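> Here you go, final_24.json (JSON, C-alpha atoms and all ligand atoms):
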[["chain", "number", "residue", "atom", "x", "y", "z"],
["A", 269, "MET", "CA", 80.12, 122.30, 75.13],
["A", 270, "THR", "CA", 76.59, 120.90, 75.09],
["A", 271, "GLY", "CA", 74.49, 119.48, 77.92],
["A", 272, "PRO", "CA", 74.66, 115.89, 76.62],
["A", 273, "GLU", "CA", 78.47, 116.08, 76.25],
["A", 274, "LEU", "CA", 78.85, 117.38, 79.78],
["A", 275, "ALA", "CA", 76.47, 114.72, 81.11],
["A", 276, "GLU", "CA", 78.44, 111.97, 79.34],
["A", 277, "ALA", "CA", 81.77, 113.29, 80.65],
["A", 278, "GLY", "CA", 80.26, 113.56, 84.14],
["A", 279, "ARG", "CA", 79.07, 109.96, 83.92],
["A", 280, "LEU", "CA", 82.58, 108.81, 82.93],
["A", 281, "LEU", "CA", 84.15, 110.77, 85.79],
["A", 282, "ALA", "CA", 81.66, 109.50, 88.36],
["A", 283, "ALA", "CA", 82.37, 105.91, 87.27],
["A", 284, "ALA", "CA", 86.16, 106.35, 87.43],
["A", 285, "ARG", "CA", 88.30, 105.16, 90.36],
["A", 286, "ARG", "CA", 91.80, 105.87, 89.05],
["A", 287, "PRO", "CA", 91.56, 108.90, 86.78],
["A", 288, "VAL", "CA", 94.50, 110.82, 85.39],
["A", 289, "VAL", "CA", 94.24, 114.57, 84.89],
["A", 290, "PHE", "CA", 96.79, 115.71, 82.30],
["A", 291, "THR", "CA", 97.26, 119.47, 82.09],
["A", 292, "GLY", "CA", 98.99, 122.04, 79.90],
["A", 293, "ALA", "CA", 99.35, 125.78, 79.68],
["A", 294, "GLY", "CA", 95.60, 126.36, 79.06],
["A", 295, "MET", "CA", 94.96, 125.18, 82.62],
["A", 296, "SER", "CA", 96.62, 128.34, 83.95],
["A", 297, "ALA", "CA", 95.47, 130.73, 81.21],
["A", 298, "GLU", "CA", 92.55, 132.05, 83.27],
["A", 299, "SER", "CA", 94.95, 132.72, 86.14],
["A", 300, "GLY", "CA", 96.68, 135.19, 83.85],
["A", 301, "VAL", "CA", 99.71, 133.01, 83.10],
["A", 302, "PRO", "CA", 100.27, 133.32, 79.35],
["A", 303, "THR", "CA", 100.25, 130.04, 77.44],
["A", 304, "PHE", "CA", 103.62, 129.17, 76.00],
["A", 305, "ARG", "CA", 102.56, 129.99, 72.47],
["A", 306, "ASP", "CA", 100.85, 133.29, 73.45],
["A", 307, "ALA", "CA", 102.34, 136.52, 72.19],
["A", 308, "GLN", "CA", 104.96, 137.81, 74.62],
["A", 309, "THR", "CA", 104.58, 141.16, 76.26],
["A", 310, "GLY", "CA", 106.87, 144.07, 77.05],
["A", 311, "LEU", "CA", 110.50, 143.84, 76.17],
["A", 312, "TRP", "CA", 110.18, 140.09, 75.59],
["A", 313, "GLN", "CA", 108.03, 140.69, 72.49],
["A", 314, "ARG", "CA", 110.96, 140.41, 70.16],
["A", 315, "TYR", "CA", 111.94, 136.96, 71.40],
["A", 316, "ASP", "CA", 110.41, 133.64, 70.44],
["A", 317, "PRO", "CA", 109.85, 131.54, 73.59],
["A", 318, "GLN", "CA", 110.83, 128.42, 71.68],
["A", 319, "GLU", "CA", 114.23, 129.99, 71.04],
["A", 320, "LEU", "CA", 114.73, 131.10, 74.65],
["A", 321, "ALA", "CA", 113.82, 127.70, 76.07],
["A", 322, "THR", "CA", 116.87, 125.80, 74.83],
["A", 323, "PRO", "CA", 120.24, 124.75, 76.25],
["A", 324, "ALA", "CA", 121.93, 126.56, 73.34],
["A", 325, "ALA", "CA", 120.20, 129.86, 74.21],
["A", 326, "PHE", "CA", 121.42, 129.57, 77.82],
["A", 327, "ARG", "CA", 124.99, 128.82, 76.68],
["A", 328, "VAL", "CA", 125.03, 131.80, 74.33],
["A", 329, "ASP", "CA", 123.31, 134.31, 76.64],
["A", 330, "PRO", "CA", 122.65, 133.03, 80.18],
["A", 331, "ALA", "CA", 121.52, 136.46, 81.42],
["A", 332, "LEU", "CA", 118.85, 136.73, 78.71],
["A", 333, "VAL", "CA", 117.42, 133.29, 79.45],
["A", 334, "TRP", "CA", 117.69, 133.61, 83.27],
["A", 335, "GLY", "CA", 116.05, 137.06, 83.11],
["A", 336, "TRP", "CA", 113.18, 135.72, 81.04],
["A", 337, "TYR", "CA", 112.52, 132.87, 83.48],
["A", 338, "GLU", "CA", 112.77, 135.25, 86.43],
["A", 339, "ALA", "CA", 110.12, 137.45, 84.77],
["A", 340, "ARG", "CA", 107.91, 134.38, 84.28],
["A", 341, "ARG", "CA", 108.46, 133.29, 87.89],
["A", 342, "HIS", "CA", 107.47, 136.70, 89.21],
["A", 343, "GLY", "CA", 104.36, 136.65, 86.99],
["A", 344, "VAL", "CA", 103.37, 133.24, 88.36],
["A", 345, "ARG", "CA", 103.85, 134.35, 91.97],
["A", 346, "ARG", "CA", 101.29, 137.08, 91.35],
["A", 347, "ALA", "CA", 98.79, 134.67, 89.79],
["A", 348, "ARG", "CA", 96.13, 132.78, 91.69],
["A", 349, "PRO", "CA", 94.78, 129.28, 91.10],
["A", 350, "ASN", "CA", 91.56, 129.53, 89.09],
["A", 351, "PRO", "CA", 88.32, 127.54, 89.52],
["A", 352, "GLY", "CA", 89.73, 124.91, 87.15],
["A", 353, "HIS", "CA", 92.66, 124.20, 89.50],
["A", 354, "LEU", "CA", 90.22, 123.94, 92.40],
["A", 355, "ALA", "CA", 88.02, 121.56, 90.44],
["A", 356, "VAL", "CA", 91.02, 119.30, 89.79],
["A", 357, "ALA", "CA", 91.72, 119.31, 93.54],
["A", 358, "ALA", "CA", 88.05, 118.48, 94.14],
["A", 359, "ILE", "CA", 88.36, 115.47, 91.82],
["A", 360, "GLN", "CA", 91.42, 114.26, 93.71],
["A", 361, "ALA", "CA", 89.68, 114.82, 97.06],
["A", 362, "ARG", "CA", 86.73, 112.73, 95.82],
["A", 363, "LEU", "CA", 88.87, 110.07, 94.11],
["A", 364, "PRO", "CA", 92.13, 109.78, 96.10],
["A", 365, "GLU", "CA", 93.82, 107.61, 93.46],
["A", 366, "THR", "CA", 93.65, 110.48, 90.97],
["A", 367, "VAL", "CA", 97.05, 111.26, 89.46],
["A", 368, "VAL", "CA", 97.60, 114.80, 88.20],
["A", 369, "ILE", "CA", 100.28, 115.07, 85.53],
["A", 370, "THR", "CA", 101.27, 118.53, 84.39],
["A", 371, "GLN", "CA", 103.42, 120.03, 81.67],
["A", 372, "ASN", "CA", 103.23, 123.38, 83.43],
["A", 373, "VAL", "CA", 106.18, 124.85, 85.28],
["A", 374, "ASP", "CA", 104.04, 127.08, 87.52],
["A", 375, "ASP", "CA", 102.94, 126.07, 91.03],
["A", 376, "LEU", "CA", 99.22, 126.69, 90.64],
["A", 377, "HIS", "CA", 98.18, 123.05, 91.03],
["A", 378, "GLU", "CA", 99.95, 122.91, 94.39],
["A", 379, "ARG", "CA", 98.48, 126.22, 95.50],
["A", 380, "GLY", "CA", 95.08, 125.03, 94.22],
["A", 381, "GLY", "CA", 95.13, 121.99, 96.51],
["A", 382, "VAL", "CA", 96.93, 119.24, 94.56],
["A", 383, "PRO", "CA", 100.00, 118.62, 96.72],
["A", 384, "ALA", "CA", 102.15, 116.53, 94.41],
["A", 385, "PRO", "CA", 101.46, 116.71, 90.69],
["A", 386, "VAL", "CA", 103.77, 114.71, 88.43],
["A", 387, "ARG", "CA", 105.89, 117.40, 86.76],
["A", 388, "LEU", "CA", 106.98, 116.44, 83.26],
["A", 389, "HIS", "CA", 108.64, 119.75, 82.42],
["A", 390, "GLY", "CA", 110.13, 120.72, 85.78],
["A", 391, "SER", "CA", 109.39, 123.83, 87.81],
["A", 392, "LEU", "CA", 110.15, 127.53, 87.80],
["A", 393, "PHE", "CA", 110.82, 127.16, 91.52],
["A", 394, "ALA", "CA", 113.61, 124.57, 91.48],
["A", 395, "PRO", "CA", 116.75, 126.15, 90.00],
["A", 396, "ARG", "CA", 119.90, 124.05, 89.83],
["A", 397, "CYS", "CA", 123.49, 124.31, 88.72],
["A", 398, "SER", "CA", 123.93, 124.11, 84.95],
["A", 399, "ALA", "CA", 127.13, 122.10, 85.39],
["A", 400, "CYS", "CA", 126.89, 119.89, 88.51],
["A", 401, "ALA", "CA", 123.07, 119.90, 88.91],
["A", 402, "ARG", "CA", 123.29, 120.85, 92.60],
["A", 403, "PRO", "CA", 119.94, 122.41, 93.65],
["A", 404, "ALA", "CA", 120.27, 126.17, 94.12],
["A", 405, "PRO", "CA", 118.24, 128.45, 96.38],
["A", 406, "LEU", "CA", 115.73, 130.75, 94.76],
["A", 407, "PRO", "CA", 116.83, 134.36, 94.59],
["A", 408, "SER", "CA", 115.47, 135.96, 97.75],
["A", 409, "ASP", "CA", 113.67, 138.83, 96.04],
["A", 410, "LEU", "CA", 110.35, 137.04, 95.85],
["A", 411, "PRO", "CA", 107.23, 138.58, 97.33],
["A", 412, "PRO", "CA", 105.11, 136.12, 99.32],
["A", 413, "PRO", "CA", 102.52, 134.22, 97.26],
["A", 414, "ALA", "CA", 99.55, 136.39, 96.31],
["A", 415, "ASP", "CA", 96.99, 134.07, 97.78],
["A", 416, "PRO", "CA", 96.24, 132.52, 101.16],
["A", 417, "PRO", "CA", 96.05, 128.71, 101.30],
["A", 418, "VAL", "CA", 92.93, 127.60, 99.47],
["A", 419, "PRO", "CA", 90.51, 124.83, 100.41],
["A", 420, "HIS", "CA", 90.05, 121.81, 98.17],
["A", 421, "VAL", "CA", 86.73, 122.99, 96.85],
["A", 422, "GLY", "CA", 85.14, 126.35, 96.55],
["A", 423, "PRO", "CA", 85.15, 129.36, 94.33],
["A", 424, "VAL", "CA", 88.14, 131.57, 93.78],
["A", 425, "PRO", "CA", 87.27, 135.01, 95.04],
["A", 426, "HIS", "CA", 87.15, 137.35, 92.09],
["A", 427, "GLY", "CA", 87.88, 141.03, 92.14],
["A", 428, "GLU", "CA", 89.99, 140.95, 95.28],
["A", 429, "PRO", "CA", 92.88, 143.34, 95.18],
["A", 430, "VAL", "CA", 96.20, 141.71, 94.43],
["A", 431, "PRO", "CA", 98.60, 142.67, 97.23],
["A", 432, "HIS", "CA", 101.10, 145.31, 96.28],
["A", 433, "VAL", "CA", 104.47, 143.86, 95.42],
["A", 434, "THR", "CA", 107.60, 145.67, 94.45],
["A", 435, "GLU", "CA", 108.04, 145.66, 90.69],
["A", 436, "PRO", "CA", 110.80, 143.11, 90.06],
["A", 437, "HIS", "CA", 113.66, 143.67, 87.69],
["A", 438, "ASP", "CA", 112.54, 142.77, 84.15],
["A", 439, "GLY", "CA", 115.19, 142.11, 81.54],
["A", 440, "PRO", "CA", 118.44, 140.20, 81.18],
["A", 441, "LEU", "CA", 119.78, 139.21, 84.60],
["A", 442, "THR", "CA", 123.05, 137.47, 85.38],
["A", 443, "PRO", "CA", 122.23, 134.08, 86.96],
["A", 444, "PRO", "CA", 123.65, 133.34, 90.42],
["A", 445, "ALA", "CA", 126.77, 131.18, 90.66],
["A", 446, "CYS", "CA", 126.51, 127.63, 92.01],
["A", 447, "ALA", "CA", 127.66, 127.46, 95.64],
["A", 448, "GLY", "CA", 129.46, 124.21, 94.86],
["A", 449, "CYS", "CA", 131.28, 124.70, 91.57],
["A", 450, "GLY", "CA", 130.67, 128.32, 90.58],
["A", 451, "ALA", "CA", 128.97, 127.55, 87.25],
["A", 452, "PRO", "CA", 125.83, 129.53, 86.37],
["A", 453, "VAL", "CA", 122.58, 128.41, 87.97],
["A", 454, "ARG", "CA", 119.84, 127.52, 85.47],
["A", 455, "PRO", "CA", 116.05, 127.27, 85.70],
["A", 456, "GLY", "CA", 114.83, 123.84, 86.79],
["A", 457, "VAL", "CA", 112.69, 123.38, 83.70],
["A", 458, "VAL", "CA", 112.97, 121.03, 80.74],
["A", 459, "TRP", "CA", 114.12, 122.84, 77.62],
["A", 460, "PHE", "CA", 113.47, 121.89, 74.01],
["A", 461, "GLY", "CA", 115.90, 119.15, 73.06],
["A", 462, "GLU", "CA", 116.32, 117.90, 76.65],
["A", 463, "ALA", "CA", 115.14, 114.60, 78.06],
["A", 464, "LEU", "CA", 112.22, 114.61, 80.47],
["A", 465, "PRO", "CA", 113.04, 113.67, 84.08],
["A", 466, "SER", "CA", 112.91, 109.90, 83.94],
["A", 467, "ALA", "CA", 111.17, 109.37, 87.30],
["A", 468, "ALA", "CA", 108.36, 111.76, 86.30],
["A", 469, "LEU", "CA", 108.01, 110.23, 82.86],
["A", 470, "ASP", "CA", 107.91, 106.70, 84.32],
["A", 471, "ALA", "CA", 105.29, 107.77, 86.88],
["A", 472, "ALA", "CA", 103.20, 109.40, 84.14],
["A", 473, "VAL", "CA", 103.33, 106.39, 81.83],
["A", 474, "GLU", "CA", 102.48, 104.06, 84.71],
["A", 475, "ALA", "CA", 99.51, 106.18, 85.75],
["A", 476, "ALA", "CA", 98.25, 106.54, 82.17],
["A", 477, "SER", "CA", 98.62, 102.78, 81.63],
["A", 478, "GLY", "CA", 96.56, 101.95, 84.70],
["A", 479, "CYS", "CA", 93.94, 104.68, 84.61],
["A", 480, "ASP", "CA", 90.25, 104.21, 83.92],
["A", 481, "LEU", "CA", 89.73, 107.77, 82.60],
["A", 482, "LEU", "CA", 92.10, 110.38, 81.27],
["A", 483, "LEU", "CA", 91.03, 113.99, 81.43],
["A", 484, "THR", "CA", 93.26, 116.18, 79.25],
["A", 485, "VAL", "CA", 93.02, 119.90, 79.94],
["A", 486, "GLY", "CA", 94.45, 122.90, 78.13],
["A", 487, "THR", "CA", 97.18, 121.34, 76.08],
["A", 488, "SER", "CA", 97.86, 121.70, 72.36],
["A", 489, "ALA", "CA", 99.25, 118.13, 72.44],
["A", 490, "LEU", "CA", 102.02, 119.19, 70.09],
["A", 491, "VAL", "CA", 105.05, 118.67, 72.30],
["A", 492, "HIS", "CA", 106.34, 115.12, 72.61],
["A", 493, "PRO", "CA", 106.90, 112.91, 74.50],
["A", 494, "ALA", "CA", 104.43, 114.50, 76.96],
["A", 495, "ALA", "CA", 101.70, 114.52, 74.31],
["A", 496, "GLU", "CA", 101.85, 110.72, 74.19],
["A", 497, "ILE", "CA", 100.43, 110.34, 77.71],
["A", 498, "PRO", "CA", 96.77, 110.57, 76.59],
["A", 499, "LEU", "CA", 97.56, 108.23, 73.69],
["A", 500, "VAL", "CA", 98.90, 105.61, 76.11],
["A", 501, "ALA", "CA", 95.65, 105.71, 78.08],
["A", 502, "ALA", "CA", 93.50, 105.55, 74.92],
["A", 503, "ARG", "CA", 95.50, 102.67, 73.47],
["A", 504, "LEU", "CA", 94.88, 100.66, 76.64],
["A", 505, "GLY", "CA", 91.16, 101.32, 76.49],
["A", 506, "ALA", "CA", 90.60, 104.20, 78.93],
["A", 507, "PRO", "CA", 88.16, 106.85, 77.76],
["A", 508, "VAL", "CA", 89.75, 110.25, 77.15],
["A", 509, "VAL", "CA", 87.84, 113.47, 77.88],
["A", 510, "GLN", "CA", 89.33, 116.69, 76.55],
["A", 511, "VAL", "CA", 88.79, 120.24, 77.82],
["A", 512, "ASN", "CA", 89.99, 122.88, 75.36],
["A", 513, "PRO", "CA", 88.28, 125.81, 73.61],
["A", 514, "VAL", "CA", 89.72, 124.71, 70.25],
["A", 515, "PRO", "CA", 90.33, 121.42, 68.44],
["A", 516, "THR", "CA", 93.67, 119.64, 68.96],
["A", 517, "PRO", "CA", 95.32, 116.54, 67.50],
["A", 518, "LEU", "CA", 93.74, 114.59, 70.38],
["A", 519, "ASP", "CA", 90.16, 115.21, 69.21],
["A", 520, "ALA", "CA", 90.00, 111.99, 67.24],
["A", 521, "ILE", "CA", 90.85, 109.73, 70.20],
["A", 522, "CYS", "CA", 88.54, 111.46, 72.67],
["A", 523, "ALA", "CA", 85.33, 109.94, 73.93],
["A", 524, "VAL", "CA", 84.09, 113.46, 74.69],
["A", 525, "ASN", "CA", 85.42, 116.88, 73.64],
["A", 526, "LEU", "CA", 84.30, 119.65, 75.98],
["A", 527, "ARG", "CA", 84.96, 122.90, 74.12],
["A", 528, "GLY", "CA", 85.47, 125.72, 76.56],
["A", 529, "PRO", "CA", 87.80, 127.26, 79.11],
["A", 530, "ALA", "CA", 89.05, 125.06, 81.95],
["A", 531, "GLY", "CA", 87.92, 127.52, 84.62],
["A", 532, "GLU", "CA", 84.31, 127.09, 83.54],
["A", 533, "VAL", "CA", 84.20, 123.57, 82.16],
["A", 534, "LEU", "CA", 85.97, 121.76, 85.03],
["A", 535, "PRO", "CA", 83.69, 123.06, 87.83],
["A", 536, "ALA", "CA", 80.69, 122.19, 85.61],
["A", 537, "LEU", "CA", 82.13, 118.72, 85.07],
["A", 538, "VAL", "CA", 82.55, 118.17, 88.82],
["A", 539, "ARG", "CA", 78.93, 119.25, 89.36],
["A", 540, "ALA", "CA", 77.80, 116.92, 86.56],
["A", 541, "ALA", "CA", 79.69, 113.98, 88.09],
["A", 542, "TRP", "CA", 78.55, 114.54, 91.68],
["A", 543, "PRO", "CA", 75.38, 116.65, 91.70],
["A", 544, "ASP", "CA", 75.03, 115.98, 95.44],
["A", 545, "ALA", "CA", 78.47, 117.41, 96.27],
["A", 546, "PRO", "CA", 78.52, 120.55, 98.39],
["A", 547, "ALA", "CA", 78.83, 123.66, 96.24],
["A", 548, "GLY", "CA", 82.02, 124.59, 98.09],
["A", 601, "LIG", "N1", 91.14, 126.51, 79.05],
["A", 601, "LIG", "C1", 91.55, 125.38, 78.44],
["A", 601, "LIG", "N2", 92.44, 125.37, 77.43],
["A", 601, "LIG", "C2", 92.92, 126.55, 77.02],
["A", 601, "LIG", "C3", 92.54, 127.77, 77.60],
["A", 601, "LIG", "C4", 91.60, 127.72, 78.68],
["A", 601, "LIG", "N3", 91.19, 128.82, 79.30],
["A", 601, "LIG", "N4", 93.21, 128.77, 76.98],
["A", 601, "LIG", "C5", 93.98, 128.20, 76.04],
["A", 601, "LIG", "N5", 93.80, 126.86, 76.05],
["A", 601, "LIG", "C6", 94.44, 125.84, 75.23],
["A", 601, "LIG", "C7", 94.85, 126.30, 73.86],
["A", 601, "LIG", "O1", 93.77, 126.18, 72.94],
["A", 601, "LIG", "C8", 95.98, 125.33, 73.53],
["A", 601, "LIG", "O2", 95.48, 124.15, 72.94],
["A", 601, "LIG", "O3", 95.66, 125.51, 75.87],
["A", 601, "LIG", "C9", 96.56, 124.99, 74.90],
["A", 601, "LIG", "C10", 97.91, 125.59, 75.19],
["A", 601, "LIG", "O4", 98.83, 125.05, 74.30],
["A", 601, "LIG", "P1", 100.40, 125.34, 74.42],
["A", 601, "LIG", "O5", 100.64, 126.79, 74.58],
["A", 601, "LIG", "O6", 101.02, 124.62, 73.28],
["A", 601, "LIG", "O7", 100.79, 124.66, 75.80],
["A", 601, "LIG", "P2", 101.13, 123.16, 76.17],
["A", 601, "LIG", "O8", 100.30, 122.20, 75.40],
["A", 601, "LIG", "O9", 101.11, 123.08, 77.65],
["A", 601, "LIG", "O10", 102.62, 123.06, 75.68],
["A", 601, "LIG", "C11", 103.35, 121.94, 76.04],
["A", 601, "LIG", "O11", 105.39, 122.85, 75.26],
["A", 601, "LIG", "O12", 105.96, 124.90, 75.01],
["A", 601, "LIG", "C12", 106.33, 123.78, 75.65],
["A", 601, "LIG", "O13", 107.29, 123.17, 77.69],
["A", 601, "LIG", "C13", 106.27, 123.94, 77.14],
["A", 601, "LIG", "O14", 104.99, 122.68, 78.73],
["A", 601, "LIG", "C14", 104.92, 123.32, 77.49],
["A", 601, "LIG", "C15", 104.75, 122.30, 76.37]]
Mind turning the file's structure into structure tokens?
Ligand code: APR

Amino acid sequence: MTGPELAEAGRLLAAARRPVVFTGAGMSAESGVPTFRDAQTGLWQRYDPQELATPAAFRVDPALVWGWYEARRHGVRRARPNPGHLAVAAIQARLPETVVITQNVDDLHERGGVPAPVRLHGSLFAPRCSACARPAPLPSDLPPPADPPVPHVGPVPHGEPVPHVTEPHDGPLTPPACAGCGAPVRPGVVWFGEALPSAALDAAVEAASGCDLLLTVGTSALVHPAAEIPLVAARLGAPVVQVNPVPTPLDAICAVNLRGPAGEVLPALVRAAWPDAPAG
């Protein structure tokens, strides 16, 4: 990321009134949430996430899939929003028509100060029945979130001790039974081969169609149809600014490519757009 690129992206952001911020797994990488294509750790090493995240995998071995999502959910509860999440909240605080669209299933945007992101791939925190779709309560073994409520702007305190939490069970885990029909409860996420929730997809397409800047952050732009959201904005003439340490298929349509981690680039972008803003 060079000074002129940052200045140009800052100019585009400062001129925007209805920006869209479109985020993927790289947004949460600096919070310690592994990106989907990262190597898995521990006993999950021998499984390919793309093979666990399917309806067929859940049919064949519900305990394996439920256990994997429970491990991910516990990992997310221990994570904190990073300065990138706070910068996105700062953009929305400055430009209230900002729409945040995420492919992530964690809750770090909400905990970072964006109350209602459009969720294209569901949430780790909204399980439902695999047969009748009735919402199911979360298993009650969760520790409280690791962080206090955070303000819209301001640095994430680094080096603070993470509160002690009991080590959760890690491994295959039989999913709870639906209170209505008794079928296994499933994670409330979108699996490979499943349709995206239509209300979220419609809201995302509408926002991308009407935006005057699209900021894409931390996505490989390989998974469709979500990856089409920046293309919709570009096709209708909105400039696209990308934040990613490496090139992606979106590079060619971007007005500016800011190469670097979201937790550093986004706060710098906010400062470039509004140099007079309080440091937080
Ligand atoms: N800051 C910004 N970007 C980062 C960072 C960082 N600190 N670290 C990694 N990245 C980038 C990577 O370079 C990569 O381009 O984040 C991207 C992560 O890509 P994926 O793991 O493919 O995640 P994503 O694009 O969100 O995947 C889309 O596919 O796997 C499914 O449903 C899952 O929602 C997910 C979807």
> With only C-alpha atoms as the basis for distance, which of A:Pro465, A:Gly478, A:Gly380, A:Pro272 is at the shortest distance from Leu504 of chain A?
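Among the listed residues, the smallest separation from Leu504 of chain A belongs to A:Gly478.
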> Determine the nearest neighbour of Ala384 of chain A from the options A:Leu518, A:Ala275, A:Thr370, A:Asp306, counting all atoms listed in the file.
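Under the stated criterion, the closest residue is A:Thr370.
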> With 9 Å as the cut-off and all atoms listed in the file counted, what is the closest atom pair between each nearby residue of chain A and ligand LIG 601 (chain A)? Distances in Å to one decimal, ordered by chain and number, as a Markdown table.

| residue | atom | partner | partner_atom | distance |
| --- | --- | --- | --- | --- |
| A:Thr291 | CA | A:LIG601 | O9 | 6.9 |
| A:Gly292 | CA | A:LIG601 | O9 | 3.3 |
| A:Ala293 | CA | A:LIG601 | O9 | 3.8 |
| A:Gly294 | CA | A:LIG601 | O3 | 3.3 |
| A:Met295 | CA | A:LIG601 | N1 | 5.4 |
| A:Ser296 | CA | A:LIG601 | N3 | 7.2 |
| A:Ala297 | CA | A:LIG601 | N3 | 5.1 |
| A:Glu298 | CA | A:LIG601 | N3 | 5.3 |
| A:Ser299 | CA | A:LIG601 | N3 | 8.7 |
| A:Pro302 | CA | A:LIG601 | O5 | 8.1 |
| A:Thr303 | CA | A:LIG601 | O5 | 4.3 |
| A:Phe304 | CA | A:LIG601 | O5 | 4.1 |
| A:Arg305 | CA | A:LIG601 | O5 | 4.3 |
| A:Asp306 | CA | A:LIG601 | O5 | 6.6 |
| A:Pro317 | CA | A:LIG601 | O12 | 7.8 |
| A:Gln318 | CA | A:LIG601 | O12 | 6.9 |
| A:Ala321 | CA | A:LIG601 | O13 | 8.1 |
| A:Gly352 | CA | A:LIG601 | N1 | 8.4 |
| A:Thr370 | CA | A:LIG601 | O14 | 7.9 |
| A:Gln371 | CA | A:LIG601 | O14 | 4.3 |
| A:Asn372 | CA | A:LIG601 | O14 | 5.1 |
| A:Val373 | CA | A:LIG601 | O14 | 7.0 |
| A:Leu388 | CA | A:LIG601 | O14 | 8.0 |
| A:His389 | CA | A:LIG601 | O14 | 6.0 |
| A:Gly390 | CA | A:LIG601 | O13 | 8.9 |
| A:Val457 | CA | A:LIG601 | O13 | 8.1 |
| A:Val458 | CA | A:LIG601 | O13 | 6.8 |
| A:Trp459 | CA | A:LIG601 | O13 | 6.8 |
| A:Phe460 | CA | A:LIG601 | O13 | 7.3 |
| A:Val485 | CA | A:LIG601 | C1 | 5.9 |
| A:Gly486 | CA | A:LIG601 | N2 | 3.3 |
| A:Thr487 | CA | A:LIG601 | O8 | 3.3 |
| A:Ser488 | CA | A:LIG601 | O2 | 3.5 |
| A:Ala489 | CA | A:LIG601 | O8 | 5.1 |
| A:Leu490 | CA | A:LIG601 | O8 | 6.3 |
| A:Val491 | CA | A:LIG601 | O11 | 5.1 |
| A:His492 | CA | A:LIG601 | C11 | 8.2 |
| A:Ala494 | CA | A:LIG601 | C11 | 7.6 |
| A:Ala495 | CA | A:LIG601 | C11 | 7.8 |
| A:Val511 | CA | A:LIG601 | C1 | 5.9 |
| A:Asn512 | CA | A:LIG601 | N2 | 4.1 |
| A:Pro513 | CA | A:LIG601 | O1 | 5.5 |
| A:Val514 | CA | A:LIG601 | O1 | 5.1 |
| A:Pro515 | CA | A:LIG601 | O2 | 7.4 |
| A:Thr516 | CA | A:LIG601 | O2 | 6.3 |
| A:Arg527 | CA | A:LIG601 | C1 | 8.3 |
| A:Gly528 | CA | A:LIG601 | N1 | 6.2 |
| A:Pro529 | CA | A:LIG601 | N1 | 3.4 |
| A:Ala530 | CA | A:LIG601 | N1 | 3.9 |
| A:Gly531 | CA | A:LIG601 | N3 | 6.4 |
| A:Glu532 | CA | A:LIG601 | N1 | 8.2 |
| A:Val533 | CA | A:LIG601 | N1 | 8.2 |
> Would you put the residues from that selection into a file with C-alpha atoms, as a tab-separated table (two decimals), in the coordinates of the input?

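Produced file part-v9.tsv, reproduced below:
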chain	number	residue	atom	x	y	z
A	291	THR	CA	97.26	119.47	82.09
A	292	GLY	CA	98.99	122.04	79.90
A	293	ALA	CA	99.35	125.78	79.68
A	294	GLY	CA	95.60	126.36	79.06
A	295	MET	CA	94.96	125.18	82.62
A	296	SER	CA	96.62	128.34	83.95
A	297	ALA	CA	95.47	130.73	81.21
A	298	GLU	CA	92.55	132.05	83.27
A	299	SER	CA	94.95	132.72	86.14
A	302	PRO	CA	100.27	133.32	79.35
A	303	THR	CA	100.25	130.04	77.44
A	304	PHE	CA	103.62	129.17	76.00
A	305	ARG	CA	102.56	129.99	72.47
A	306	ASP	CA	100.85	133.29	73.45
A	317	PRO	CA	109.85	131.54	73.59
A	318	GLN	CA	110.83	128.42	71.68
A	321	ALA	CA	113.82	127.70	76.07
A	352	GLY	CA	89.73	124.91	87.15
A	370	THR	CA	101.27	118.53	84.39
A	371	GLN	CA	103.42	120.03	81.67
A	372	ASN	CA	103.23	123.38	83.43
A	373	VAL	CA	106.18	124.85	85.28
A	388	LEU	CA	106.98	116.44	83.26
A	389	HIS	CA	108.64	119.75	82.42
A	390	GLY	CA	110.13	120.72	85.78
A	457	VAL	CA	112.69	123.38	83.70
A	458	VAL	CA	112.97	121.03	80.74
A	459	TRP	CA	114.12	122.84	77.62
A	460	PHE	CA	113.47	121.89	74.01
A	485	VAL	CA	93.02	119.90	79.94
A	486	GLY	CA	94.45	122.90	78.13
A	487	THR	CA	97.18	121.34	76.08
A	488	SER	CA	97.86	121.70	72.36
A	489	ALA	CA	99.25	118.13	72.44
A	490	LEU	CA	102.02	119.19	70.09
A	491	VAL	CA	105.05	118.67	72.30
A	492	HIS	CA	106.34	115.12	72.61
A	494	ALA	CA	104.43	114.50	76.96
A	495	ALA	CA	101.70	114.52	74.31
A	511	VAL	CA	88.79	120.24	77.82
A	512	ASN	CA	89.99	122.88	75.36
A	513	PRO	CA	88.28	125.81	73.61
A	514	VAL	CA	89.72	124.71	70.25
A	515	PRO	CA	90.33	121.42	68.44
A	516	THR	CA	93.67	119.64	68.96
A	527	ARG	CA	84.96	122.90	74.12
A	528	GLY	CA	85.47	125.72	76.56
A	529	PRO	CA	87.80	127.26	79.11
A	530	ALA	CA	89.05	125.06	81.95
A	531	GLY	CA	87.92	127.52	84.62
A	532	GLU	CA	84.31	127.09	83.54
A	533	VAL	CA	84.20	123.57	82.16
> Need to verify the contact set: Leu392 of chain A, 8 Å, all atoms listed in the file, exclusion of same-chain residues closer than 4 positions in sequence. Can you return it as a list in words?
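That gives Tyr337, Arg341, Val373, Asp374, Pro455, Gly456 and Val457 of chain A.
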> With distances taken over only C-alpha atoms, which residue among A:Leu482, A:Leu464, A:Ala502, A:Ile521 lies nearest Leu281 of chain A?
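Checking each candidate against Leu281 of chain A, we get A:Leu482 as the closest.
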> Pick from A:Val367, A:Leu354, A:Pro407, A:Val344: nearest to Ser477 of chain A, with all atoms listed in the file counted?
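Residue with the minimum atom-to-atom distance to Ser477 of chain A: A:Val367.
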